[in-house]
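Peer 1: If it helps, the file is called target_13.cif and holds mmCIF, C-alpha atoms and all ligand atoms:
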data_input
loop_
_atom_site.label_atom_id
_atom_site.label_comp_id
_atom_site.auth_asym_id
_atom_site.auth_seq_id
_atom_site.Cartn_x
_atom_site.Cartn_y
_atom_site.Cartn_z
CA MET G 6 -118.56 -0.69 -8.22
CA ARG G 7 -115.88 -2.93 -6.81
CA ASP G 8 -112.77 -1.49 -5.29
CA SER G 9 -110.81 -2.33 -2.22
CA GLY G 10 -111.38 -0.03 0.73
CA THR G 11 -113.69 2.90 1.23
CA LEU G 12 -113.93 5.56 -1.46
CA ALA G 13 -111.98 8.03 0.67
CA SER G 14 -109.13 5.61 1.36
CA VAL G 15 -108.98 4.59 -2.29
CA ALA G 16 -108.79 8.24 -3.33
CA SER G 17 -105.99 9.01 -0.91
CA ARG G 18 -104.04 5.87 -1.90
CA ARG G 19 -104.41 6.82 -5.57
CA ARG G 20 -103.20 10.36 -4.86
CA CYS G 21 -100.26 8.97 -2.92
CA GLU G 22 -99.22 6.73 -5.82
CA PHE G 23 -99.64 9.59 -8.29
CA LEU G 24 -97.49 11.86 -6.10
CA GLN G 25 -94.80 9.22 -5.71
CA ASP G 26 -94.70 8.46 -9.43
CA VAL G 27 -94.49 12.16 -10.31
CA LEU G 28 -91.78 12.96 -7.74
CA THR G 29 -89.76 9.91 -8.83
CA GLY G 30 -90.30 10.61 -12.53
CA LEU G 31 -89.32 14.27 -12.33
CA GLY G 32 -86.41 13.50 -10.01
CA THR G 33 -84.54 11.32 -12.53
CA ALA G 34 -82.08 12.50 -15.19
CA SER G 35 -84.48 11.71 -18.05
CA LYS G 36 -87.69 13.17 -16.64
CA ASN G 37 -90.91 11.24 -17.21
CA VAL G 38 -94.48 10.86 -15.96
CA PRO G 39 -96.38 7.57 -16.63
CA CYS G 40 -99.03 7.90 -19.34
CA LYS G 41 -101.74 6.24 -17.25
CA TYR G 42 -102.11 9.57 -15.45
CA PHE G 43 -103.47 11.18 -18.63
CA TYR G 44 -106.89 9.79 -17.82
CA ASP G 45 -108.58 12.00 -15.25
CA LYS G 46 -112.05 13.31 -16.14
CA ARG G 47 -110.72 16.06 -18.44
CA GLY G 48 -108.07 13.74 -19.92
CA SER G 49 -110.61 11.03 -20.68
CA GLU G 50 -112.82 13.61 -22.41
CA LEU G 51 -109.88 14.85 -24.47
CA PHE G 52 -109.00 11.27 -25.39
CA ASP G 53 -112.57 10.70 -26.60
CA ARG G 54 -112.13 13.80 -28.79
CA ILE G 55 -108.85 12.43 -30.16
CA CYS G 56 -110.69 9.26 -31.20
CA LYS G 57 -113.01 11.35 -33.39
CA LEU G 58 -110.21 13.27 -35.16
CA GLY G 59 -109.69 12.75 -38.87
CA GLU G 60 -105.95 12.19 -38.38
CA TYR G 61 -106.34 9.63 -35.59
CA TYR G 62 -106.83 6.52 -37.73
CA LEU G 63 -106.60 4.00 -34.86
CA THR G 64 -110.15 4.20 -33.51
CA ARG G 65 -111.81 4.21 -36.92
CA SER G 66 -109.70 1.29 -38.15
CA GLU G 67 -110.40 -0.86 -35.14
CA LEU G 68 -114.10 0.00 -35.14
CA SER G 69 -114.33 -1.05 -38.78
CA ILE G 70 -112.70 -4.38 -37.91
CA MET G 71 -115.14 -4.91 -35.05
CA GLU G 72 -118.07 -3.95 -37.23
CA ALA G 73 -117.09 -6.39 -39.98
CA SER G 74 -115.67 -9.24 -37.91
CA ALA G 75 -117.46 -9.32 -34.55
CA PRO G 76 -119.46 -12.48 -35.47
CA GLU G 77 -116.26 -14.34 -36.43
CA LEU G 78 -114.58 -13.05 -33.31
CA ALA G 79 -117.51 -14.21 -31.18
CA GLU G 80 -117.32 -17.64 -32.80
CA GLN G 81 -113.62 -17.83 -31.96
CA ILE G 82 -114.30 -16.97 -28.33
CA GLY G 83 -117.18 -19.40 -28.01
CA PRO G 84 -120.36 -19.36 -25.87
CA GLY G 85 -120.68 -18.83 -22.13
CA ALA G 86 -117.67 -16.61 -21.62
CA MET G 87 -116.95 -13.95 -19.05
CA VAL G 88 -115.32 -10.99 -20.81
CA VAL G 89 -112.90 -8.77 -18.91
CA GLU G 90 -111.99 -5.52 -20.63
CA PHE G 91 -108.70 -3.79 -19.81
CA GLY G 92 -108.95 0.01 -20.02
CA SER G 93 -112.60 0.03 -21.01
CA GLY G 94 -113.02 3.83 -21.18
CA SER G 95 -116.42 4.50 -22.73
CA SER G 96 -116.80 0.87 -23.98
CA VAL G 97 -117.77 1.89 -27.52
CA LYS G 98 -116.04 -1.01 -29.32
CA THR G 99 -117.25 -3.48 -26.73
CA ARG G 100 -120.81 -3.18 -27.94
CA TYR G 101 -119.92 -4.92 -31.20
CA LEU G 102 -118.49 -7.78 -29.20
CA LEU G 103 -121.38 -7.99 -26.71
CA ASP G 104 -123.88 -7.89 -29.57
CA ALA G 105 -122.20 -10.86 -31.25
CA LEU G 106 -121.21 -13.09 -28.33
CA LEU G 107 -123.33 -16.14 -27.58
CA GLU G 108 -124.58 -16.49 -24.01
CA CYS G 109 -122.03 -14.08 -22.61
CA VAL G 110 -122.29 -14.57 -18.84
CA ALA G 111 -120.66 -11.43 -17.57
CA TYR G 112 -118.82 -8.34 -18.72
CA VAL G 113 -116.19 -6.83 -16.42
CA PRO G 114 -115.01 -3.39 -17.55
CA VAL G 115 -111.77 -2.43 -15.78
CA ASP G 116 -110.74 1.21 -15.88
CA ILE G 117 -108.67 3.64 -13.85
CA SER G 118 -111.14 6.50 -14.40
CA SER G 119 -114.16 5.96 -12.12
CA GLU G 120 -116.28 8.69 -13.74
CA HIS G 121 -115.98 7.06 -17.13
CA LEU G 122 -116.54 3.59 -15.73
CA ASP G 123 -119.72 4.36 -13.77
CA HIS G 124 -121.34 6.05 -16.70
CA ALA G 125 -120.43 3.35 -19.24
CA ALA G 126 -121.45 0.52 -16.88
CA ALA G 127 -124.88 2.03 -16.17
CA GLU G 128 -125.60 2.38 -19.89
CA LEU G 129 -124.43 -1.15 -20.67
CA ALA G 130 -126.50 -2.60 -17.83
CA SER G 131 -129.67 -1.12 -19.28
CA ASP G 132 -128.78 -2.04 -22.89
CA TYR G 133 -127.67 -5.62 -22.11
CA PRO G 134 -130.07 -6.96 -19.46
CA ARG G 135 -128.95 -10.59 -20.06
CA ILE G 136 -125.27 -9.88 -19.37
CA GLU G 137 -124.13 -9.26 -15.80
CA ILE G 138 -122.13 -6.02 -15.82
CA LEU G 139 -119.49 -5.95 -13.06
CA PRO G 140 -117.32 -2.81 -13.27
CA VAL G 141 -113.97 -2.73 -11.49
CA CYS G 142 -112.17 0.55 -10.87
CA ALA G 143 -108.53 -0.48 -10.94
CA ASP G 144 -105.15 0.10 -12.49
CA PHE G 145 -104.86 -2.98 -14.70
CA THR G 146 -101.06 -2.72 -14.70
CA LYS G 147 -101.26 -4.00 -11.12
CA PRO G 148 -102.92 -7.18 -9.83
CA PHE G 149 -106.60 -6.67 -9.03
CA GLU G 150 -109.43 -8.83 -7.78
CA LEU G 151 -111.90 -10.25 -10.30
CA PRO G 152 -115.57 -10.16 -9.26
CA LEU G 153 -117.45 -13.45 -9.10
CA PRO G 154 -120.36 -13.56 -11.56
CA THR G 155 -123.68 -15.06 -10.45
CA ARG G 156 -123.68 -17.59 -13.29
CA LEU G 157 -120.61 -19.78 -13.81
CA PRO G 158 -118.76 -18.90 -17.05
CA SER G 159 -117.37 -21.68 -19.25
CA HIS G 160 -114.15 -19.69 -19.62
CA SER G 161 -112.76 -16.17 -19.46
CA ALA G 162 -111.50 -13.89 -22.17
CA VAL G 163 -109.71 -10.58 -21.81
CA TYR G 164 -110.62 -7.87 -24.29
CA PHE G 165 -107.80 -5.35 -24.65
CA PRO G 166 -108.65 -3.04 -27.55
CA GLY G 167 -107.41 0.32 -28.76
CA SER G 168 -103.72 -0.48 -29.16
CA THR G 169 -103.20 0.33 -25.49
CA ILE G 170 -100.59 -2.45 -25.32
CA GLY G 171 -98.52 -0.04 -27.46
CA ASN G 172 -98.00 2.14 -24.37
CA PHE G 173 -95.80 -0.55 -22.82
CA THR G 174 -92.17 -1.23 -23.69
CA PRO G 175 -91.83 -4.77 -25.12
CA GLU G 176 -90.45 -5.96 -21.79
CA LEU G 177 -93.41 -4.58 -19.81
CA ALA G 178 -95.83 -5.74 -22.51
CA ILE G 179 -94.61 -9.33 -22.07
CA ALA G 180 -95.06 -9.06 -18.30
CA LEU G 181 -98.62 -7.76 -18.73
CA LEU G 182 -99.48 -10.42 -21.34
CA ARG G 183 -98.16 -13.07 -18.98
CA ARG G 184 -100.48 -11.81 -16.25
CA ILE G 185 -103.37 -11.92 -18.72
CA ALA G 186 -102.51 -15.53 -19.64
CA LEU G 187 -102.56 -16.46 -15.94
CA LEU G 188 -105.79 -14.54 -15.33
CA VAL G 189 -107.74 -16.35 -18.09
CA GLY G 190 -106.02 -19.71 -17.53
CA GLN G 191 -105.26 -22.42 -20.08
CA GLY G 192 -107.67 -22.24 -23.00
CA GLY G 193 -108.81 -18.75 -22.00
CA GLY G 194 -108.66 -16.05 -24.63
CA LEU G 195 -107.23 -12.64 -25.35
CA ILE G 196 -108.71 -10.34 -27.97
CA ILE G 197 -106.26 -7.51 -28.51
CA GLY G 198 -106.12 -4.51 -30.83
CA ILE G 199 -102.73 -3.39 -32.12
CA ASP G 200 -101.50 -0.65 -34.43
CA VAL G 201 -99.76 -2.22 -37.44
CA ASN G 202 -99.46 0.97 -39.48
CA GLN G 203 -96.08 1.46 -41.21
CA ASP G 204 -96.76 4.85 -42.81
CA VAL G 205 -94.58 7.30 -40.86
CA ALA G 206 -96.28 10.47 -42.15
CA GLN G 207 -99.71 9.12 -41.24
CA ILE G 208 -98.48 7.98 -37.82
CA GLU G 209 -96.93 11.36 -36.98
CA ALA G 210 -100.04 13.21 -38.16
CA ALA G 211 -102.17 11.10 -35.81
CA TYR G 212 -100.22 12.44 -32.83
CA ASN G 213 -99.86 16.02 -34.11
CA ASP G 214 -103.44 16.80 -35.12
CA SER G 215 -104.20 20.16 -36.69
CA LEU G 216 -106.77 21.10 -34.02
CA GLY G 217 -104.20 20.63 -31.27
CA VAL G 218 -106.37 18.20 -29.26
CA THR G 219 -103.44 15.81 -28.70
CA ALA G 220 -101.31 18.74 -27.52
CA ARG G 221 -104.00 19.67 -25.00
CA PHE G 222 -104.33 16.01 -23.97
CA ASN G 223 -100.58 15.83 -23.33
CA LEU G 224 -100.44 19.20 -21.52
CA ASN G 225 -103.46 18.25 -19.41
CA LEU G 226 -101.07 16.03 -17.45
CA LEU G 227 -99.35 19.17 -16.10
CA ARG G 228 -102.72 20.76 -15.32
CA ARG G 229 -103.64 17.60 -13.40
CA ILE G 230 -100.36 17.72 -11.43
CA ASN G 231 -101.11 21.36 -10.59
CA ASP G 232 -104.65 20.56 -9.43
CA ASP G 233 -104.12 17.25 -7.63
CA LEU G 234 -100.55 17.58 -6.35
CA GLU G 235 -100.18 21.31 -5.70
CA GLY G 236 -97.95 21.89 -8.69
CA ASP G 237 -97.18 25.25 -10.28
CA PHE G 238 -96.48 24.23 -13.88
CA ARG G 239 -97.11 27.04 -16.35
CA LEU G 240 -98.78 25.23 -19.21
CA ASP G 241 -97.75 27.85 -21.77
CA SER G 242 -94.08 27.29 -20.94
CA PHE G 243 -94.19 23.67 -22.15
CA GLU G 244 -94.71 22.38 -25.66
CA HIS G 245 -96.24 19.12 -26.95
CA ARG G 246 -93.94 17.00 -29.11
CA ALA G 247 -94.69 13.67 -30.83
CA LEU G 248 -92.05 11.99 -32.98
CA TYR G 249 -91.89 8.55 -34.56
CA ASN G 250 -88.74 6.64 -33.64
CA ALA G 251 -88.38 4.32 -36.65
CA GLU G 252 -85.55 2.29 -35.14
CA LEU G 253 -87.64 1.32 -32.11
CA GLY G 254 -91.00 1.38 -33.94
CA ARG G 255 -92.69 3.75 -31.54
CA VAL G 256 -94.15 7.22 -31.23
CA GLU G 257 -92.57 9.19 -28.40
CA LEU G 258 -94.65 11.86 -26.68
CA ASP G 259 -92.88 14.55 -24.71
CA LEU G 260 -93.56 17.88 -23.04
CA VAL G 261 -90.66 20.16 -23.85
CA SER G 262 -89.71 23.13 -21.69
CA ARG G 263 -89.68 26.35 -23.75
CA ILE G 264 -87.42 28.14 -21.24
CA ASP G 265 -85.05 27.60 -18.32
CA GLN G 266 -87.37 27.35 -15.34
CA CYS G 267 -88.02 25.94 -11.91
CA VAL G 268 -91.27 24.14 -11.08
CA THR G 269 -92.59 23.07 -7.69
CA VAL G 270 -94.70 19.96 -7.01
CA ALA G 271 -95.95 19.35 -3.45
CA GLY G 272 -93.20 21.57 -2.12
CA GLU G 273 -90.38 19.92 -4.09
CA GLY G 274 -88.49 21.93 -6.69
CA PHE G 275 -87.44 20.71 -10.14
CA THR G 276 -85.33 22.65 -12.61
CA PHE G 277 -85.80 22.52 -16.35
CA SER G 278 -83.43 23.85 -18.95
CA GLU G 279 -84.72 25.19 -22.24
CA GLY G 280 -85.46 22.26 -24.56
CA GLU G 281 -85.47 19.70 -21.75
CA ALA G 282 -88.27 17.14 -22.10
CA ILE G 283 -90.63 15.27 -19.79
CA HIS G 284 -91.30 11.99 -21.50
CA THR G 285 -95.01 11.12 -21.19
CA GLU G 286 -95.91 8.25 -23.53
CA TYR G 287 -94.70 5.59 -25.94
CA SER G 288 -97.01 4.21 -28.58
CA TYR G 289 -95.46 1.12 -30.16
CA LYS G 290 -96.44 -0.07 -33.63
CA TYR G 291 -96.02 -3.77 -34.41
CA SER G 292 -96.03 -6.14 -37.35
CA ILE G 293 -98.30 -9.16 -36.83
CA PRO G 294 -95.37 -11.67 -36.72
CA ALA G 295 -93.44 -9.46 -34.28
CA PHE G 296 -96.42 -9.19 -31.98
CA ALA G 297 -97.20 -12.92 -32.26
CA ALA G 298 -93.61 -13.68 -31.18
CA LEU G 299 -93.92 -11.30 -28.23
CA ALA G 300 -97.20 -12.91 -27.15
CA ALA G 301 -95.78 -16.42 -27.59
CA SER G 302 -93.04 -15.62 -25.10
CA ALA G 303 -95.82 -14.68 -22.66
CA GLY G 304 -97.66 -17.99 -23.14
CA LEU G 305 -100.28 -16.85 -25.64
CA SER G 306 -100.68 -18.42 -29.10
CA LEU G 307 -102.10 -16.52 -32.03
CA HIS G 308 -105.20 -18.31 -33.38
CA ARG G 309 -106.61 -15.79 -35.83
CA TYR G 310 -106.47 -12.11 -36.72
CA TRP G 311 -108.38 -9.50 -38.69
CA THR G 312 -107.19 -6.24 -40.25
CA ASP G 313 -108.98 -3.25 -41.76
CA ARG G 314 -108.85 -2.62 -45.50
CA HIS G 315 -105.94 -0.16 -45.15
CA ASP G 316 -103.94 -2.53 -42.91
CA ASN G 317 -103.64 0.18 -40.27
CA CYS G 318 -104.78 -1.85 -37.29
CA ALA G 319 -105.33 -5.48 -36.40
CA VAL G 320 -107.46 -7.37 -33.90
CA LEU G 321 -105.90 -10.65 -32.76
CA HIS G 322 -107.39 -13.66 -31.01
CA LEU G 323 -104.84 -15.46 -28.86
CA VAL G 324 -105.29 -18.45 -26.58
CA ALA G 325 -103.44 -19.10 -23.33
CA ASP G 326 -101.10 -22.11 -23.43
CA ALA G 327 -100.80 -24.66 -20.65
CA GLN G 328 -99.30 -22.87 -17.69
CA GLU G 329 -95.96 -23.71 -16.22
CA THR G 330 -96.49 -25.73 -13.07
CA GLY G 331 -95.30 -24.35 -9.79
CA VAL G 332 -96.46 -20.85 -10.67
CA LEU G 333 -98.45 -19.27 -7.90
CA VAL G 334 -101.50 -17.61 -9.37
CA SER G 335 -102.66 -14.74 -7.28
CA ARG G 336 -105.91 -13.21 -8.39
CA ALA G 337 -106.36 -10.91 -5.44
CA ASN G 338 -104.33 -7.91 -4.28
C1 LIG H 1 -104.94 4.89 -26.04
C2 LIG H 1 -102.68 4.26 -25.97
C3 LIG H 1 -103.98 3.78 -27.89
O1 LIG H 1 -101.15 5.51 -28.07
O2 LIG H 1 -102.49 6.06 -29.65
C4 LIG H 1 -103.53 9.05 -28.35
C5 LIG H 1 -103.17 7.21 -26.59
N1 LIG H 1 -101.86 9.28 -27.05
N2 LIG H 1 -102.90 10.18 -28.68
C6 LIG H 1 -102.26 5.88 -28.47
C7 LIG H 1 -102.87 8.48 -27.31
C8 LIG H 1 -101.89 10.33 -27.88
C9 LIG H 1 -103.40 6.06 -27.48
N3 LIG H 1 -103.74 4.77 -26.84
#
Rewrite the structure of this file - the entire thing - as structure tokens.
Peer 2:
Amino acid sequence: MRDSGTLASVASRRRCEFLQDVLTGLGTASKNVPCKYFYDKRGSELFDRICKLGEYYLTRSELSIMEASAPELAEQIGPGAMVVEFGSGSSVKTRYLLDALLECVAYVPVDISSEHLDHAAAELASDYPRIEILPVCADFTKPFELPLPTRLPSHSAVYFPGSTIGNFTPELAIALLRRIALLVGQGGGLIIGIDVNQDVAQIEAAYNDSLGVTARFNLNLLRRINDDLEGDFRLDSFEHRALYNAELGRVELDLVSRIDQCVTVAGEGFTFSEGEAIHTEYSYKYSIPAFAALAASAGLSLHRYWTDRHDNCAVLHLVADAQETGVLVSRAN
């Protein structure tokens, strides 16, 4: 697997960033911890369980789109591409794409969880012997180096499924989409899954499942802080909360303190009053025109899109416009 530095130095750099983000996030007036830290081994397993829940419509909707429309999608992308997946996880949806693509040169799964990545990459390599599988363990919200495939691709396409773009505020989403446009270059593609559901009851149920898996997924963040950063969070003194903010079109995930308490992380103390929240995640829902406008401001034009029969989710194919001249494109760290 590609990564910069030795495994030990990568691990300590990752821990350092995690510690900094947690200390900064808990030290501000509106406490927060970035949602990318959900995905340690346990968190990734819990997320996979969420995807199988009856209430969590997102995965099923997008899978049904991929199942029905992968050939059309592959035709849109064209032959000879190198596909780079952002946040590949267990690469379940990717198989529909890889099955349909013509002469796909290489597949580059990018994920922050190395356990997940190794496992998925090994399985894909044996199932797709004609596609070069080049896993990259990286945080895709930061610049990372793309591996060089053995065969020259005709163009690149980023695959960004699962409505993960919904985790970013519109401002940060535009910045990330801009980086994607630069990464694939003019004429390169982006295949992105977004949540277009407008049914508030259904949305809130998806983040408040009756088995409490989402609650455990959210609370696992505190368990991870305890384990990795010498924290002393008492998990039973915090409560999962997920509410849909209709005005801003997003689900807001929080961990709410049940009592007045003091918590220590790596020797630093933080006080919580009863009812005080740690914000952990946004999940934005978009209309197709709203998302197309957002992408256009990042230099990506909508070419075609597919929805499921309930109009819960959509998969969009966008193409990178000509890039502004004078922009320095840095592909490495
Ligand atoms: C992986 C970002 C798409 O926002 O729906 C699921 C993560 N959080 N349940 C989402 C998540 C709580 C998920 N995404």
Peer 1: Would you mind listing the residues within 6 Å of ligand LIG 1 (chain H), counting all atoms listed in the file, as an MDAnalysis selection string?
Peer 2: chainID G and resid 167:169 172 212 219 288
Peer 1: So what do you get for atom CA of G:Arg263 versus atom CA of G:Thr174, distance-wise?
Peer 2: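 Atom CA of G:Thr174 lies 27.7 Å from atom CA of G:Arg263.
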Peer 1: Pick the closest to G:Thr99 from G:Pro134, G:Leu240, G:Gly198, G:Gly190: which is it, counting all atoms listed in the file?
Peer 2: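 Of G:Pro134, G:Leu240, G:Gly198, G:Gly190, the one nearest G:Thr99, counting all atoms listed in the file, is G:Gly198.
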Peer 1: For G:Glu273, which residue among G:Leu234, G:Val256, G:Ala295, G:Val201 is the nearest when counting all atoms listed in the file?
Peer 2: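 The answer is G:Leu234, which sits nearest to G:Glu273.
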Peer 1: Do a neighbour search on G:Ser262 at 8 Å with all atoms listed in the file, toss out local chain neighbours closer than 5 positions, and write the hits as a list in words.
Peer 2: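 The neighbour list is Ser242, Phe243, Glu244, Phe277, Ser278, Glu279, Gly280, Glu281 and Ala282 of chain G.
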Peer 1: Write out as a PDB file with C-alpha atoms, in the coordinates of the input the residues lying within 7 Å of stretch 85-91 of chain G, counting only C-alpha atoms and excluding same-chain residues fewer than 3 positions away.
Peer 2:
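Output below, filename out_30.pdb:
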ATOM      1  CA  LEU G 107    -123.330 -16.140 -27.580  1.00  0.00           C
ATOM      2  CA  GLU G 108    -124.580 -16.490 -24.010  1.00  0.00           C
ATOM      3  CA  CYS G 109    -122.030 -14.080 -22.610  1.00  0.00           C
ATOM      4  CA  VAL G 110    -122.290 -14.570 -18.840  1.00  0.00           C
ATOM      5  CA  ALA G 111    -120.660 -11.430 -17.570  1.00  0.00           C
ATOM      6  CA  TYR G 112    -118.820  -8.340 -18.720  1.00  0.00           C
ATOM      7  CA  VAL G 113    -116.190  -6.830 -16.420  1.00  0.00           C
ATOM      8  CA  PRO G 114    -115.010  -3.390 -17.550  1.00  0.00           C
ATOM      9  CA  VAL G 115    -111.770  -2.430 -15.780  1.00  0.00           C
ATOM     10  CA  ASP G 116    -110.740   1.210 -15.880  1.00  0.00           C
ATOM     11  CA  PHE G 145    -104.860  -2.980 -14.700  1.00  0.00           C
ATOM     12  CA  PRO G 158    -118.760 -18.900 -17.050  1.00  0.00           C
ATOM     13  CA  SER G 159    -117.370 -21.680 -19.250  1.00  0.00           C
ATOM     14  CA  HIS G 160    -114.150 -19.690 -19.620  1.00  0.00           C
ATOM     15  CA  SER G 161    -112.760 -16.170 -19.460  1.00  0.00           C
ATOM     16  CA  ALA G 162    -111.500 -13.890 -22.170  1.00  0.00           C
ATOM     17  CA  VAL G 163    -109.710 -10.580 -21.810  1.00  0.00           C
ATOM     18  CA  TYR G 164    -110.620  -7.870 -24.290  1.00  0.00           C
ATOM     19  CA  PHE G 165    -107.800  -5.350 -24.650  1.00  0.00           C
TER      20      PHE G 165
END
Peer 1: Between atom CA of G:Gly192 and atom CA of G:Leu78, what is the distance in Å, rounded to a tenth?
Peer 2: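 According to the coordinates, atom CA of G:Gly192 and atom CA of G:Leu78 are separated by 15.4 Å.
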Peer 1: Measure the distance from atom CA of G:Ala143 to atom CA of G:Asp232 in Å and round it to one decimal.
Peer 2: 21.4 Å
Peer 1: Of the residues G:Ala130, G:Leu323, G:Ala186, G:Ala125, which is the one nearest to G:Gln81, using all atoms listed in the file?
Peer 2: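 Going through G:Ala130, G:Leu323, G:Ala186, G:Ala125 one by one, the smallest distance to G:Gln81 is for G:Leu323.
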Peer 1: Please list as a count of residues only every residue within 8 Å of stretch 47-55 of chain G, counting all atoms listed in the file and excluding residues in the same chain fewer than 3 positions away.
Peer 2: 13
Peer 1: Go through G:Ser66, G:Arg19, G:Ile170, G:Tyr101 and flag the residue nearest G:Ile117, using all atoms listed in the file for the distances.
Peer 2: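 Residue with the minimum atom-to-atom distance to G:Ile117: G:Arg19.
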Peer 1: Return the single residue from G:Ala319, G:Ala300, G:Glu72, G:Phe275 that is closest to G:Lys36, with distances computed using all atoms listed in the file.
Peer 2: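 Of all the options, G:Phe275 lies closest to G:Lys36.
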Peer 1: Using only C-alpha atoms, which of the listed residues (G:Leu195, G:Ala16, G:Leu139, G:Ala211) sits closest to G:Ser306?
Peer 2: G:Leu195
Peer 1: I'd like the contact shell of G:Glu252 - 12 Å cut-off, only C-alpha atoms, skipping same-chain residues fewer than 3 positions apart - returned as an MDAnalysis selection string.
Peer 2: chainID G and resid 205 248:249 255:257 289:290
Peer 1: Excluding G:Thr276 and its own-chain neighbours fewer than 5 positions away, which residues fall within 8 Å of it when counting only C-alpha atoms? Please give them as an mmCIF file with C-alpha atoms, keeping the file's coordinate frame.
Peer 2:
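As written to disk, part_35.cif reads:
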data_model
loop_
_atom_site.group_PDB
_atom_site.id
_atom_site.type_symbol
_atom_site.label_atom_id
_atom_site.label_comp_id
_atom_site.auth_asym_id
_atom_site.auth_seq_id
_atom_site.Cartn_x
_atom_site.Cartn_y
_atom_site.Cartn_z
ATOM 1 C CA ASP G 265 -85.050 27.600 -18.320
ATOM 2 C CA GLN G 266 -87.370 27.350 -15.340
ATOM 3 C CA CYS G 267 -88.020 25.940 -11.910
ATOM 4 C CA VAL G 268 -91.270 24.140 -11.080
#
